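> The file below is target.cif, mmCIF, N, CA and C atoms and all ligand atoms:
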data_work
#
loop_
_atom_site.label_atom_id
_atom_site.label_comp_id
_atom_site.auth_asym_id
_atom_site.auth_seq_id
_atom_site.Cartn_x
_atom_site.Cartn_y
_atom_site.Cartn_z
N MET A 57 78.07 70.96 109.50
CA MET A 57 78.64 70.34 110.70
C MET A 57 78.10 71.01 111.97
N SER A 58 77.46 72.17 111.84
CA SER A 58 77.03 72.88 113.03
C SER A 58 75.89 72.17 113.74
N ASP A 59 75.20 71.28 113.02
CA ASP A 59 74.14 70.52 113.66
C ASP A 59 74.70 69.39 114.52
N ASP A 60 75.91 69.03 114.22
CA ASP A 60 76.49 67.88 114.87
C ASP A 60 77.32 68.32 116.08
N ASP A 61 76.65 68.85 117.07
CA ASP A 61 77.34 69.37 118.24
C ASP A 61 76.72 68.80 119.50
N PRO A 62 77.06 67.59 119.83
CA PRO A 62 76.44 66.92 120.98
C PRO A 62 76.83 67.57 122.29
N THR A 63 75.96 67.46 123.29
CA THR A 63 76.30 67.95 124.61
C THR A 63 76.76 66.79 125.47
N VAL A 64 77.61 67.09 126.40
CA VAL A 64 78.14 66.06 127.29
C VAL A 64 77.93 66.50 128.73
N PRO A 65 77.65 65.54 129.61
CA PRO A 65 77.48 65.87 131.03
C PRO A 65 78.81 66.19 131.69
N VAL A 66 78.79 67.30 132.44
CA VAL A 66 79.99 67.71 133.15
C VAL A 66 79.65 67.77 134.64
N VAL A 67 80.49 67.21 135.46
CA VAL A 67 80.24 67.21 136.89
C VAL A 67 81.41 67.85 137.62
N CYS A 68 81.07 68.54 138.70
CA CYS A 68 82.10 69.07 139.59
C CYS A 68 81.73 68.64 141.00
N GLU A 69 82.48 67.72 141.53
CA GLU A 69 82.16 67.18 142.84
C GLU A 69 82.23 68.24 143.92
N ASP A 70 83.18 69.11 143.80
CA ASP A 70 83.36 70.16 144.79
C ASP A 70 82.15 71.08 144.87
N CYS A 71 81.63 71.44 143.72
CA CYS A 71 80.53 72.39 143.67
C CYS A 71 79.18 71.67 143.67
N GLY A 72 79.19 70.36 143.49
CA GLY A 72 77.94 69.64 143.33
C GLY A 72 77.26 70.00 142.02
N THR A 73 78.06 70.42 141.06
CA THR A 73 77.52 70.84 139.77
C THR A 73 77.33 69.64 138.86
N ASP A 74 76.21 69.65 138.14
CA ASP A 74 75.93 68.61 137.18
C ASP A 74 75.24 69.29 136.00
N THR A 75 75.98 69.50 134.95
CA THR A 75 75.45 70.30 133.85
C THR A 75 75.82 69.69 132.51
N ARG A 76 75.26 70.28 131.47
CA ARG A 76 75.59 69.80 130.13
C ARG A 76 76.23 70.91 129.32
N VAL A 77 77.27 70.55 128.61
CA VAL A 77 78.01 71.52 127.82
C VAL A 77 78.16 70.97 126.42
N SER A 78 78.03 71.84 125.44
CA SER A 78 78.24 71.36 124.08
C SER A 78 79.71 71.01 123.89
N LEU A 79 79.93 70.03 123.07
CA LEU A 79 81.27 69.49 122.91
C LEU A 79 82.27 70.58 122.53
N SER A 80 81.82 71.50 121.71
CA SER A 80 82.75 72.54 121.24
C SER A 80 83.12 73.52 122.35
N ASP A 81 82.27 73.59 123.38
CA ASP A 81 82.57 74.50 124.49
C ASP A 81 83.20 73.79 125.68
N LEU A 82 83.33 72.49 125.55
CA LEU A 82 83.70 71.68 126.71
C LEU A 82 85.01 72.14 127.34
N ARG A 83 86.01 72.19 126.54
CA ARG A 83 87.34 72.49 127.07
C ARG A 83 87.36 73.88 127.72
N GLU A 84 86.77 74.83 127.03
CA GLU A 84 86.78 76.19 127.54
C GLU A 84 86.00 76.28 128.84
N THR A 85 84.85 75.60 128.87
CA THR A 85 84.02 75.66 130.07
C THR A 85 84.72 75.03 131.25
N LEU A 86 85.32 73.88 131.05
CA LEU A 86 86.05 73.22 132.14
C LEU A 86 87.21 74.10 132.61
N ASP A 87 87.96 74.61 131.65
CA ASP A 87 89.10 75.46 132.00
C ASP A 87 88.65 76.64 132.82
N ARG A 88 87.61 77.31 132.34
CA ARG A 88 87.17 78.53 132.99
C ARG A 88 86.66 78.23 134.40
N HIS A 89 85.87 77.18 134.52
CA HIS A 89 85.33 76.82 135.83
C HIS A 89 86.46 76.48 136.79
N ASN A 90 87.36 75.66 136.36
CA ASN A 90 88.44 75.25 137.24
C ASN A 90 89.36 76.43 137.58
N GLU A 91 89.57 77.27 136.62
CA GLU A 91 90.38 78.46 136.89
C GLU A 91 89.71 79.34 137.93
N ASN A 92 88.43 79.61 137.70
CA ASN A 92 87.72 80.57 138.55
C ASN A 92 87.39 79.99 139.92
N GLN A 93 87.04 78.72 139.96
CA GLN A 93 86.51 78.15 141.20
C GLN A 93 87.56 77.36 141.97
N HIS A 94 88.53 76.83 141.29
CA HIS A 94 89.40 75.86 141.95
C HIS A 94 90.88 76.13 141.72
N ASP A 95 91.21 77.37 141.46
CA ASP A 95 92.61 77.74 141.30
C ASP A 95 93.34 76.90 140.26
N GLY A 96 92.61 76.49 139.23
CA GLY A 96 93.25 75.76 138.16
C GLY A 96 93.32 74.26 138.37
N ASP A 97 92.80 73.79 139.51
CA ASP A 97 92.75 72.34 139.70
C ASP A 97 91.70 71.72 138.79
N ASP A 98 91.97 70.51 138.33
CA ASP A 98 91.01 69.84 137.45
C ASP A 98 89.93 69.16 138.25
N VAL A 99 89.06 69.96 138.86
CA VAL A 99 88.00 69.39 139.68
C VAL A 99 86.79 69.04 138.82
N ALA A 100 86.33 70.01 138.08
CA ALA A 100 85.21 69.75 137.17
C ALA A 100 85.71 68.92 135.99
N GLN A 101 84.93 67.93 135.62
CA GLN A 101 85.32 67.09 134.49
C GLN A 101 84.12 66.40 133.88
N VAL A 102 84.35 65.78 132.75
CA VAL A 102 83.30 65.02 132.09
C VAL A 102 82.89 63.86 132.97
N ALA A 103 81.59 63.62 133.06
CA ALA A 103 81.08 62.51 133.85
C ALA A 103 81.80 61.23 133.46
N PRO A 104 82.40 60.57 134.45
CA PRO A 104 83.26 59.41 134.18
C PRO A 104 82.61 58.35 133.31
N ARG A 105 81.32 58.15 133.50
CA ARG A 105 80.69 57.04 132.79
C ARG A 105 80.69 57.23 131.28
N ILE A 106 80.72 58.49 130.84
CA ILE A 106 80.73 58.70 129.40
C ILE A 106 82.07 59.21 128.90
N ALA A 107 82.99 59.36 129.82
CA ALA A 107 84.31 59.87 129.43
C ALA A 107 84.94 58.98 128.36
N ASN A 108 84.77 57.70 128.53
CA ASN A 108 85.32 56.77 127.55
C ASN A 108 84.70 56.97 126.18
N GLU A 109 83.38 56.99 126.18
CA GLU A 109 82.67 57.21 124.94
C GLU A 109 83.12 58.50 124.28
N LEU A 110 83.18 59.52 125.11
CA LEU A 110 83.53 60.84 124.61
C LEU A 110 84.93 60.84 124.03
N ALA A 111 85.81 60.14 124.67
CA ALA A 111 87.19 60.09 124.20
C ALA A 111 87.23 59.69 122.73
N ASN A 112 86.40 58.74 122.38
CA ASN A 112 86.34 58.33 120.98
C ASN A 112 85.87 59.46 120.09
N VAL A 113 84.80 60.10 120.51
CA VAL A 113 84.24 61.19 119.71
C VAL A 113 85.25 62.31 119.57
N VAL A 114 85.82 62.69 120.69
CA VAL A 114 86.78 63.79 120.68
C VAL A 114 88.00 63.44 119.84
N ALA A 115 88.46 62.23 120.01
CA ALA A 115 89.62 61.78 119.25
C ALA A 115 89.34 61.91 117.77
N GLU A 116 88.17 61.47 117.36
CA GLU A 116 87.80 61.59 115.96
C GLU A 116 87.72 63.05 115.56
N ASP A 117 87.10 63.81 116.43
CA ASP A 117 86.84 65.21 116.10
C ASP A 117 88.11 66.03 116.06
N LEU A 118 89.00 65.78 116.97
CA LEU A 118 90.19 66.63 117.11
C LEU A 118 91.42 66.00 116.50
N ASP A 119 91.23 64.90 115.86
CA ASP A 119 92.38 64.14 115.37
C ASP A 119 93.32 65.01 114.54
N LEU A 120 92.75 65.77 113.67
CA LEU A 120 93.58 66.59 112.79
C LEU A 120 94.40 67.60 113.59
N ASP A 121 93.75 68.24 114.54
CA ASP A 121 94.45 69.24 115.34
C ASP A 121 95.58 68.61 116.15
N LEU A 122 95.23 67.56 116.86
CA LEU A 122 96.23 66.90 117.68
C LEU A 122 97.38 66.40 116.82
N ASP A 123 97.00 65.85 115.69
CA ASP A 123 97.99 65.24 114.83
C ASP A 123 99.01 66.27 114.35
N SER A 124 98.54 67.39 113.91
CA SER A 124 99.44 68.38 113.35
C SER A 124 100.39 68.92 114.43
N ASP A 125 99.90 68.90 115.67
CA ASP A 125 100.76 69.37 116.76
C ASP A 125 101.80 68.34 117.15
N GLU A 126 101.34 67.12 117.29
CA GLU A 126 102.22 66.06 117.77
C GLU A 126 103.35 65.77 116.77
N ASN A 127 103.02 65.88 115.53
CA ASN A 127 103.97 65.48 114.52
C ASN A 127 105.25 66.31 114.52
N GLU A 128 105.14 67.51 115.02
CA GLU A 128 106.29 68.39 114.97
C GLU A 128 107.46 67.88 115.79
N ASP A 129 107.13 67.30 116.94
CA ASP A 129 108.19 66.87 117.85
C ASP A 129 108.67 65.46 117.59
N GLU A 130 107.98 64.79 116.70
CA GLU A 130 108.19 63.37 116.59
C GLU A 130 109.60 63.02 116.09
N ASP A 131 110.11 63.83 115.25
CA ASP A 131 111.37 63.49 114.61
C ASP A 131 112.54 64.16 115.30
N GLU A 132 112.97 63.54 116.40
CA GLU A 132 114.06 64.18 117.12
C GLU A 132 115.30 63.34 117.16
ZN ZN B 1 83.57 73.42 140.79
#
What is this structure when it is put down as structure tokens?

Amino acid sequence: MSDDDPTVPVVCEDCGTDTRVSLSDLRETLDRHNENQHDGDDVAQVAPRIANELANVVAEDLDLDLDSDENEDEDE
């Protein structure tokens, strides 16, 4: 599975940044950048045009993780 690590374009309008991050580093990179540069504001983000596409990939990729978390609260 280590070969299957696509990169996604990340943009930060504030910084004028336009870079590519591997999917596995995406969350950490965004978090770190926004923490360090923007006081935790979600300024840097995945390029909107592929955000939709990515959502599908991420959903597939993280489904198990999200699922195991969400399920805990479901039965209230
Ligand atoms: Zn920035």
> Atom C of A:Arg76 and atom N of A:Thr63 are how many Å apart?
7.0 Å
> Compare A:Arg105, A:Ala111, A:Asp98, A:Cys71 by their minimum atom-to-atom distance to ligand ZN 1 (chain B), counting all atoms listed in the file, and give me the closest one.
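Among the listed residues, A:Cys71 lies closest to ligand ZN 1 (chain B).
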> Please measure the separation of atom ZN of ligand ZN 1 (chain B) and atom CA of A:Asp60, giving the value in Å to one decimal.
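Atom CA of A:Asp60 lies at a distance of 27.4 Å from atom ZN of ligand ZN 1 (chain B).
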> As a ChimeraX atom specification, please: the residues near A:Pro104 (cut-off 10 Å, only C-alpha atoms, same-chain neighbours under 5 positions excluded).
/A:65-67,109-110
> Within 6.5 Å of ligand ZN 1 (chain B), which residues of chain A come that close, and what is the closest atom pair and distance in Å for each? Count all atoms listed in the file and give it as JSON lines.

{"residue": "A:Cys68", "atom": "CA", "partner": "B:ZN1", "partner_atom": "ZN", "distance": 4.7}
{"residue": "A:Glu69", "atom": "N", "partner": "B:ZN1", "partner_atom": "ZN", "distance": 5.9}
{"residue": "A:Asp70", "atom": "C", "partner": "B:ZN1", "partner_atom": "ZN", "distance": 4.9}
{"residue": "A:Cys71", "atom": "N", "partner": "B:ZN1", "partner_atom": "ZN", "distance": 4.0}
{"residue": "A:Gly72", "atom": "N", "partner": "B:ZN1", "partner_atom": "ZN", "distance": 6.0}
{"residue": "A:Thr73", "atom": "N", "partner": "B:ZN1", "partner_atom": "ZN", "distance": 6.3}
{"residue": "A:His89", "atom": "C", "partner": "B:ZN1", "partner_atom": "ZN", "distance": 5.8}
{"residue": "A:Asn90", "atom": "N", "partner": "B:ZN1", "partner_atom": "ZN", "distance": 6.2}
{"residue": "A:Gln93", "atom": "CA", "partner": "B:ZN1", "partner_atom": "ZN", "distance": 5.6}
{"residue": "A:His94", "atom": "N", "partner": "B:ZN1", "partner_atom": "ZN", "distance": 6.0}
{"residue": "A:Val99", "atom": "C", "partner": "B:ZN1", "partner_atom": "ZN", "distance": 5.8}
{"residue": "A:Ala100", "atom": "N", "partner": "B:ZN1", "partner_atom": "ZN", "distance": 5.2}
> Keeping only N, CA and C atoms, take the residues you just selected and write them out as a PDB file, in the coordinates of the input.

ATOM      1  N   CYS A  68      81.070  68.540 138.700  1.00  0.00           N
ATOM      2  CA  CYS A  68      82.100  69.070 139.590  1.00  0.00           C
ATOM      3  C   CYS A  68      81.730  68.640 141.000  1.00  0.00           C
ATOM      4  N   GLU A  69      82.480  67.720 141.530  1.00  0.00           N
ATOM      5  CA  GLU A  69      82.160  67.180 142.840  1.00  0.00           C
ATOM      6  C   GLU A  69      82.230  68.240 143.920  1.00  0.00           C
ATOM      7  N   ASP A  70      83.180  69.110 143.800  1.00  0.00           N
ATOM      8  CA  ASP A  70      83.360  70.160 144.790  1.00  0.00           C
ATOM      9  C   ASP A  70      82.150  71.080 144.870  1.00  0.00           C
ATOM     10  N   CYS A  71      81.630  71.440 143.720  1.00  0.00           N
ATOM     11  CA  CYS A  71      80.530  72.390 143.670  1.00  0.00           C
ATOM     12  C   CYS A  71      79.180  71.670 143.670  1.00  0.00           C
ATOM     13  N   GLY A  72      79.190  70.360 143.490  1.00  0.00           N
ATOM     14  CA  GLY A  72      77.940  69.640 143.330  1.00  0.00           C
ATOM     15  C   GLY A  72      77.260  70.000 142.020  1.00  0.00           C
ATOM     16  N   THR A  73      78.060  70.420 141.060  1.00  0.00           N
ATOM     17  CA  THR A  73      77.520  70.840 139.770  1.00  0.00           C
ATOM     18  C   THR A  73      77.330  69.640 138.860  1.00  0.00           C
ATOM     19  N   HIS A  89      85.870  77.180 134.520  1.00  0.00           N
ATOM     20  CA  HIS A  89      85.330  76.820 135.830  1.00  0.00           C
ATOM     21  C   HIS A  89      86.460  76.480 136.790  1.00  0.00           C
ATOM     22  N   ASN A  90      87.360  75.660 136.360  1.00  0.00           N
ATOM     23  CA  ASN A  90      88.440  75.250 137.240  1.00  0.00           C
ATOM     24  C   ASN A  90      89.360  76.430 137.580  1.00  0.00           C
ATOM     25  N   GLN A  93      87.040  78.720 139.960  1.00  0.00           N
ATOM     26  CA  GLN A  93      86.510  78.150 141.200  1.00  0.00           C
ATOM     27  C   GLN A  93      87.560  77.360 141.970  1.00  0.00           C
ATOM     28  N   HIS A  94      88.530  76.830 141.290  1.00  0.00           N
ATOM     29  CA  HIS A  94      89.400  75.860 141.950  1.00  0.00           C
ATOM     30  C   HIS A  94      90.880  76.130 141.720  1.00  0.00           C
ATOM     31  N   VAL A  99      89.060  69.960 138.860  1.00  0.00           N
ATOM     32  CA  VAL A  99      88.000  69.390 139.680  1.00  0.00           C
ATOM     33  C   VAL A  99      86.790  69.040 138.820  1.00  0.00           C
ATOM     34  N   ALA A 100      86.330  70.010 138.080  1.00  0.00           N
ATOM     35  CA  ALA A 100      85.210  69.750 137.170  1.00  0.00           C
ATOM     36  C   ALA A 100      85.710  68.920 135.990  1.00  0.00           C
TER      37      ALA A 100
END
> For a test of reading the model, state the distance in Å between atom C of A:Gln101 and atom C of A:Pro62, rounded to one decimal.
13.7 Å
> If I wrap all listed atoms of stretch 66-75 of chain A in a box with edges along x, y and z and add 8 Å on each side, what are its centre and edge lengths in Å to one decimal, as AutoDock Vina command-line options?

--center_x 79.3 --center_y 69.8 --center_z 138.7 --size_x 24.1 --size_y 21.2 --size_z 28.4
